[in-house]
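**Student:** Below: one structure in structure tokens.
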Amino acid sequence: MLARQTAVYFAANLFSAVFGLANTMIFTRLFAVTAYGEYLLGFAYATLLVSVLGSALKLAILREQARGNDIRGVVLAALLLFLPAVPGFYLGGRLFGLAPLVAASATLLALAMSLFEIGQDVLRAEQKTTPYLRGTVLRALSVSALGVGVALAAAHGAALLAASACAYLFAATLFWRAAWGSARPVFDRARFRAIARAGAPFTLSMALMALATVADRFLLAELAGVGAAAEYAASLDLVRQALLIPAVSVSAAFVPMAVRLLAEEGEAAARAGLARSLELLLAAALPACVGMALVSPQLADLLLGPDFRATARFAMPVLAMAVAFQILTQQYTHTSFLLSNRNLFYLINTGSILLFNLIVSALLILRFGLDGAVWGRLAAEIFGFANAYVLSRRAFVLPFPFGRIARVVAATAAMALVVRALSGEAATLPPLAGLLLQVAAGAGAYAAVAFALDIAELRALASGAALRLFTKSGLAAAGPRRWRRAE
């Protein structure tokens, strides 16, 4: 069950990321650095608003809808209550330094993203993986199609934000029935208060986390200019977009299962499931992070426009390591706070990350400029994981099985040695050819060691897949013989 759901979520996120990478390739070539910087800053503000609008509702969906308690009507009513605050959201964008059109488009995008993502959370809580996959695919196609059209017509950051908002709204509308069914808004004050009380610390912490994620780019824009922020954010978003795919796919499957195991079978069963989940999470994320760090020169030349490449060659390896710590913090360690209902710990962790990030990044940016923002990000993510781990020891103690972790590290090290050995030869080839050479060799080395060490029960999974394939081929071959005997 876990492997199947992980595969579906991985496919959905992979499809989305492929189109996101295609967008990056196109937009960094068609947009001026400043215009693309306006888009990235507007998108960052929209992401922050989504955290404010939807975190409490997403938490309620995960806790209630996943257990079979239908709260969709209450969630729809809560979304409607956000509409009167739209002028305030626009003013917030202006306070963040966004131009008027950029602030307005970012506000519209935040509303559309909230509606779509909360609908997707409903599907995930009910384990409706096929509609979830289809919704993600449609949203990715729509964002790309409308975005490219806008880029060709008017390469302005505000126009690209507005096009993205239309794409999210279109996808949410088309998959309304799958997510919401026949639900209608239910204005239940008691439920609103309960959701607000339970979700307020979580909302504040998620908002702080989102702010900690984007604060450095706003800080860099203020201290070094929008162009520097665009170069930094393009590298960071490229890395995060690619590396969070496997991590989010795994956690999307194991977090609801951990909640159910704890409720139905107790702490021991939940911890046993989490130990297996951590191995699967690391098996998917760690080689991706290390591999991206090693092939960053080829990726930068292949995916980014000429004005963004020099920064990316330096920044991407450091940022890939930062994302590895971010994955451990957000996709695994934070599960402790969810299972123990210690929502205040989200606030403590994310608040400390934000404060650390602002102080360290400001000092480093003032001293080193754009490079300081890169190293400040790595320092903040390492600090965030260490802080979250300490807090988790006082909440729901998570397993960190040394044997399982060591196997993943060994397979990743083997992959890294192979990729590193081919780096000289890859540098003499065109970017795409060099990238394919290193990726193919590294993936082959990792797969071989992972199978030998039976990481994440890979042997059983491969045996089951082979048995199913053999059974299907046997039935297909037997069909004509049975038909001839019947004649």
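Chain labels run A, B, ... following the order of the structure tokens; each chain numbers its residues from 1, and ligands are numbered from 1 in the order shown.
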Select from segment 322-371 of chain A every residue with an atom at most 10 Å from any atom of segment 287-300 of chain A, then for each give the shortest pair of atoms and their distance in Å to one decimal, using only C-alpha atoms, rows by chain and rising number, as a tab-separated table.

**Tutor:**
residue	atom	partner	partner_atom	distance
A:Ala322	CA	A:Cys289	CA	9.0
A:Val323	CA	A:Cys289	CA	7.4
A:Ala324	CA	A:Cys289	CA	6.2
A:Phe325	CA	A:Cys289	CA	9.9

**Student:** Write the selection just made, keeping N, CA and C atoms, as a short mmCIF file (atom, residue, chain, number, x, y, z; two decimals), in the first residue's frame?

**Tutor:**
data_model
loop_
_atom_site.label_atom_id
_atom_site.label_comp_id
_atom_site.auth_asym_id
_atom_site.auth_seq_id
_atom_site.Cartn_x
_atom_site.Cartn_y
_atom_site.Cartn_z
N ALA A 322 21.42 22.04 1.43
CA ALA A 322 20.45 22.71 2.30
C ALA A 322 19.08 22.05 2.20
N VAL A 323 18.67 21.69 1.00
CA VAL A 323 17.38 21.05 0.81
C VAL A 323 17.34 19.68 1.47
N ALA A 324 18.46 18.97 1.51
CA ALA A 324 18.50 17.67 2.19
C ALA A 324 18.11 17.82 3.66
N PHE A 325 18.64 18.84 4.33
CA PHE A 325 18.27 19.08 5.73
C PHE A 325 16.83 19.57 5.85
#

**Student:** Which residues are near Pro431 of chain A? Cut-off 12 Å, only C-alpha atoms, ignore same chain within fewer than 3 positions. Put them as a PDB file with N, CA and C atoms, in the first residue's frame.

**Tutor:**
ATOM      1  N   VAL A 295      26.140  17.180 -10.348  1.00  0.00           N
ATOM      2  CA  VAL A 295      25.913  17.468 -11.775  1.00  0.00           C
ATOM      3  C   VAL A 295      25.403  18.892 -11.988  1.00  0.00           C
ATOM      4  N   SER A 296      25.578  19.752 -10.991  1.00  0.00           N
ATOM      5  CA  SER A 296      25.072  21.122 -11.095  1.00  0.00           C
ATOM      6  C   SER A 296      25.602  21.895 -12.302  1.00  0.00           C
ATOM      7  N   PRO A 297      26.888  21.789 -12.679  1.00  0.00           N
ATOM      8  CA  PRO A 297      27.353  22.554 -13.852  1.00  0.00           C
ATOM      9  C   PRO A 297      26.578  22.231 -15.127  1.00  0.00           C
ATOM     10  N   GLN A 298      26.358  20.942 -15.364  1.00  0.00           N
ATOM     11  CA  GLN A 298      25.607  20.557 -16.558  1.00  0.00           C
ATOM     12  C   GLN A 298      24.148  21.009 -16.470  1.00  0.00           C
ATOM     13  N   LEU A 299      23.544  20.898 -15.292  1.00  0.00           N
ATOM     14  CA  LEU A 299      22.155  21.326 -15.128  1.00  0.00           C
ATOM     15  C   LEU A 299      22.012  22.824 -15.346  1.00  0.00           C
ATOM     16  N   ALA A 300      22.935  23.598 -14.809  1.00  0.00           N
ATOM     17  CA  ALA A 300      22.860  25.051 -14.956  1.00  0.00           C
ATOM     18  C   ALA A 300      22.931  25.452 -16.420  1.00  0.00           C
ATOM     19  N   ASP A 301      23.864  24.867 -17.158  1.00  0.00           N
ATOM     20  CA  ASP A 301      24.013  25.213 -18.574  1.00  0.00           C
ATOM     21  C   ASP A 301      22.824  24.747 -19.399  1.00  0.00           C
ATOM     22  N   LEU A 302      22.213  23.655 -18.985  1.00  0.00           N
ATOM     23  CA  LEU A 302      21.122  23.080 -19.765  1.00  0.00           C
ATOM     24  C   LEU A 302      19.792  23.760 -19.486  1.00  0.00           C
ATOM     25  N   LEU A 303      19.512  24.092 -18.227  1.00  0.00           N
ATOM     26  CA  LEU A 303      18.173  24.512 -17.831  1.00  0.00           C
ATOM     27  C   LEU A 303      17.987  26.020 -17.717  1.00  0.00           C
ATOM     28  N   LEU A 304      19.034  26.760 -17.429  1.00  0.00           N
ATOM     29  CA  LEU A 304      18.885  28.182 -17.153  1.00  0.00           C
ATOM     30  C   LEU A 304      19.389  29.049 -18.296  1.00  0.00           C
ATOM     31  N   SER A 423      33.147  12.968 -13.895  1.00  0.00           N
ATOM     32  CA  SER A 423      32.948  14.414 -14.035  1.00  0.00           C
ATOM     33  C   SER A 423      33.891  15.021 -15.065  1.00  0.00           C
ATOM     34  N   GLU A 425      35.250  13.583 -17.776  1.00  0.00           N
ATOM     35  CA  GLU A 425      34.789  13.237 -19.117  1.00  0.00           C
ATOM     36  C   GLU A 425      33.503  13.971 -19.465  1.00  0.00           C
ATOM     37  N   ALA A 426      32.591  14.123 -18.480  1.00  0.00           N
ATOM     38  CA  ALA A 426      31.330  14.819 -18.733  1.00  0.00           C
ATOM     39  C   ALA A 426      31.560  16.277 -19.087  1.00  0.00           C
ATOM     40  N   ALA A 427      32.592  16.883 -18.504  1.00  0.00           N
ATOM     41  CA  ALA A 427      32.874  18.293 -18.769  1.00  0.00           C
ATOM     42  C   ALA A 427      33.292  18.532 -20.213  1.00  0.00           C
ATOM     43  N   THR A 428      33.808  17.513 -20.896  1.00  0.00           N
ATOM     44  CA  THR A 428      34.235  17.668 -22.290  1.00  0.00           C
ATOM     45  C   THR A 428      33.092  17.464 -23.278  1.00  0.00           C
ATOM     46  N   GLY A 434      26.739  15.078 -21.254  1.00  0.00           N
ATOM     47  CA  GLY A 434      27.459  14.888 -19.999  1.00  0.00           C
ATOM     48  C   GLY A 434      26.526  14.572 -18.851  1.00  0.00           C
ATOM     49  N   LEU A 435      25.388  15.241 -18.821  1.00  0.00           N
ATOM     50  CA  LEU A 435      24.406  14.985 -17.757  1.00  0.00           C
ATOM     51  C   LEU A 435      23.855  13.567 -17.850  1.00  0.00           C
ATOM     52  N   LEU A 436      23.492  13.140 -19.047  1.00  0.00           N
ATOM     53  CA  LEU A 436      22.943  11.788 -19.214  1.00  0.00           C
ATOM     54  C   LEU A 436      23.963  10.727 -18.841  1.00  0.00           C
ATOM     55  N   LEU A 437      25.221  10.945 -19.190  1.00  0.00           N
ATOM     56  CA  LEU A 437      26.266   9.984 -18.843  1.00  0.00           C
ATOM     57  C   LEU A 437      26.372   9.826 -17.334  1.00  0.00           C
ATOM     58  N   GLN A 438      26.450  10.932 -16.611  1.00  0.00           N
ATOM     59  CA  GLN A 438      26.609  10.861 -15.159  1.00  0.00           C
ATOM     60  C   GLN A 438      25.369  10.314 -14.478  1.00  0.00           C
TER      61      GLN A 438
END

**Student:** May I have a table of the residues of segment 319-362 of chain A lying at most 9 Å from segment 188-204 of chain A, giving each one's closest pair of atoms and their distance in Å to one decimal, counting only C-alpha atoms, ordered by chain and ascending residue number, as a Markdown table?

**Tutor:**
| residue | atom | partner | partner_atom | distance |
| --- | --- | --- | --- | --- |
| A:Asn341 | CA | A:Ala198 | CA | 8.8 |
| A:Asn343 | CA | A:Phe202 | CA | 5.4 |
| A:Leu344 | CA | A:Pro201 | CA | 5.5 |
| A:Phe345 | CA | A:Pro201 | CA | 8.4 |
| A:Tyr346 | CA | A:Phe202 | CA | 6.1 |
| A:Leu347 | CA | A:Pro201 | CA | 6.1 |
| A:Thr350 | CA | A:Leu204 | CA | 8.9 |
| A:Gly351 | CA | A:Leu204 | CA | 8.9 |

**Student:** In terms of the shortest atom-to-atom distance over only C-alpha atoms, which of A:Asp237, A:Glu222, A:Glu231, A:Glu267 is closest to Arg309 of chain A?

**Tutor:**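 Looking at the shortest contact to Arg309 of chain A, the residue is A:Glu231.
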
**Student:** Can you tell me which residues surround segment 337-340 of chain A at a distance of at most 12 Å, considering only C-alpha atoms, apart from same-chain residues fewer than 4 positions away, and format the answer as JSON, numbers by chain?

**Tutor:** {"A": [59, 60, 62, 63, 198, 199, 201, 202, 205, 255, 256, 257, 258, 259, 260, 261, 262, 263, 266, 267, 270, 271, 274, 329, 330, 331, 332, 333, 344, 345, 346, 347, 348, 349, 388, 389, 390, 391, 392, 393, 394, 395, 396, 397, 398]}

**Student:** Write out as a list in words the residues lying within 8 Å of segment 130-134 of chain A, counting only C-alpha atoms and excluding same-chain residues fewer than 6 positions away.

**Tutor:**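 The residues satisfying every condition are Val8, Tyr9, Ala11, Ala12, Gln120, Leu123, Arg124, Phe175 and Ala178 of chain A.
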
**Student:** Just checking: using only C-alpha atoms, which residue out of A:Val408, A:Ala35, A:Leu422, A:Ala44 ends up closest to Ala452 of chain A?

**Tutor:**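 Using only C-alpha atoms, Ala452 of chain A sits closest to A:Val408.
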
**Student:** Can you pull out every residue within 12 Å of Ala221 of chain A, counting only C-alpha atoms, but drop anything in the same chain fewer than 4 positions away, and send it as a count of residues only?

**Tutor:** 26

**Student:** Need to verify the contact set: segment 89-92 of chain A, 8 Å, only C-alpha atoms, exclusion of same-chain residues closer than 2 positions in sequence. Can you return it as an MDAnalysis selection string?

**Tutor:** chainID A and resid 49 85:87 94:96 103:104 107

**Student:** For segment 142-144 of chain A, work out the shell of residues within 6 Å, counting only C-alpha atoms and skipping chain neighbours fewer than 3 positions away, then give it as a PDB file with N, CA and C atoms, in the first residue's frame.

**Tutor:**
ATOM      1  N   ARG A 139      -3.229  20.733 -13.697  1.00  0.00           N
ATOM      2  CA  ARG A 139      -2.699  22.011 -13.213  1.00  0.00           C
ATOM      3  C   ARG A 139      -1.344  22.321 -13.835  1.00  0.00           C
ATOM      4  N   GLY A 147       1.364  30.121 -19.112  1.00  0.00           N
ATOM      5  CA  GLY A 147       2.586  30.862 -18.830  1.00  0.00           C
ATOM      6  C   GLY A 147       3.406  31.122 -20.074  1.00  0.00           C
ATOM      7  N   VAL A 148       3.547  30.109 -20.913  1.00  0.00           N
ATOM      8  CA  VAL A 148       4.308  30.296 -22.155  1.00  0.00           C
ATOM      9  C   VAL A 148       3.593  31.293 -23.065  1.00  0.00           C
ATOM     10  N   SER A 164      -0.790  32.166 -14.070  1.00  0.00           N
ATOM     11  CA  SER A 164      -0.707  31.027 -13.152  1.00  0.00           C
ATOM     12  C   SER A 164      -1.959  30.921 -12.299  1.00  0.00           C
ATOM     13  N   ALA A 167      -4.683  29.310 -14.241  1.00  0.00           N
ATOM     14  CA  ALA A 167      -4.446  27.872 -14.401  1.00  0.00           C
ATOM     15  C   ALA A 167      -4.862  27.099 -13.147  1.00  0.00           C
TER      16      ALA A 167
END

**Student:** Can you tell me, as a ChimeraX atom specification, which residues in segment 310-339 of chain A count as alpha helix (DSSP H) by DSSP?

**Tutor:** /A:310-327,335-339

**Student:** Have a look at A:Leu79, A:Val18, A:Val250, A:Ala153 and name the one nearest to Ala140 of chain A; count only C-alpha atoms.

**Tutor:**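 Comparing A:Leu79, A:Val18, A:Val250, A:Ala153 against Ala140 of chain A, the winner is A:Val18.
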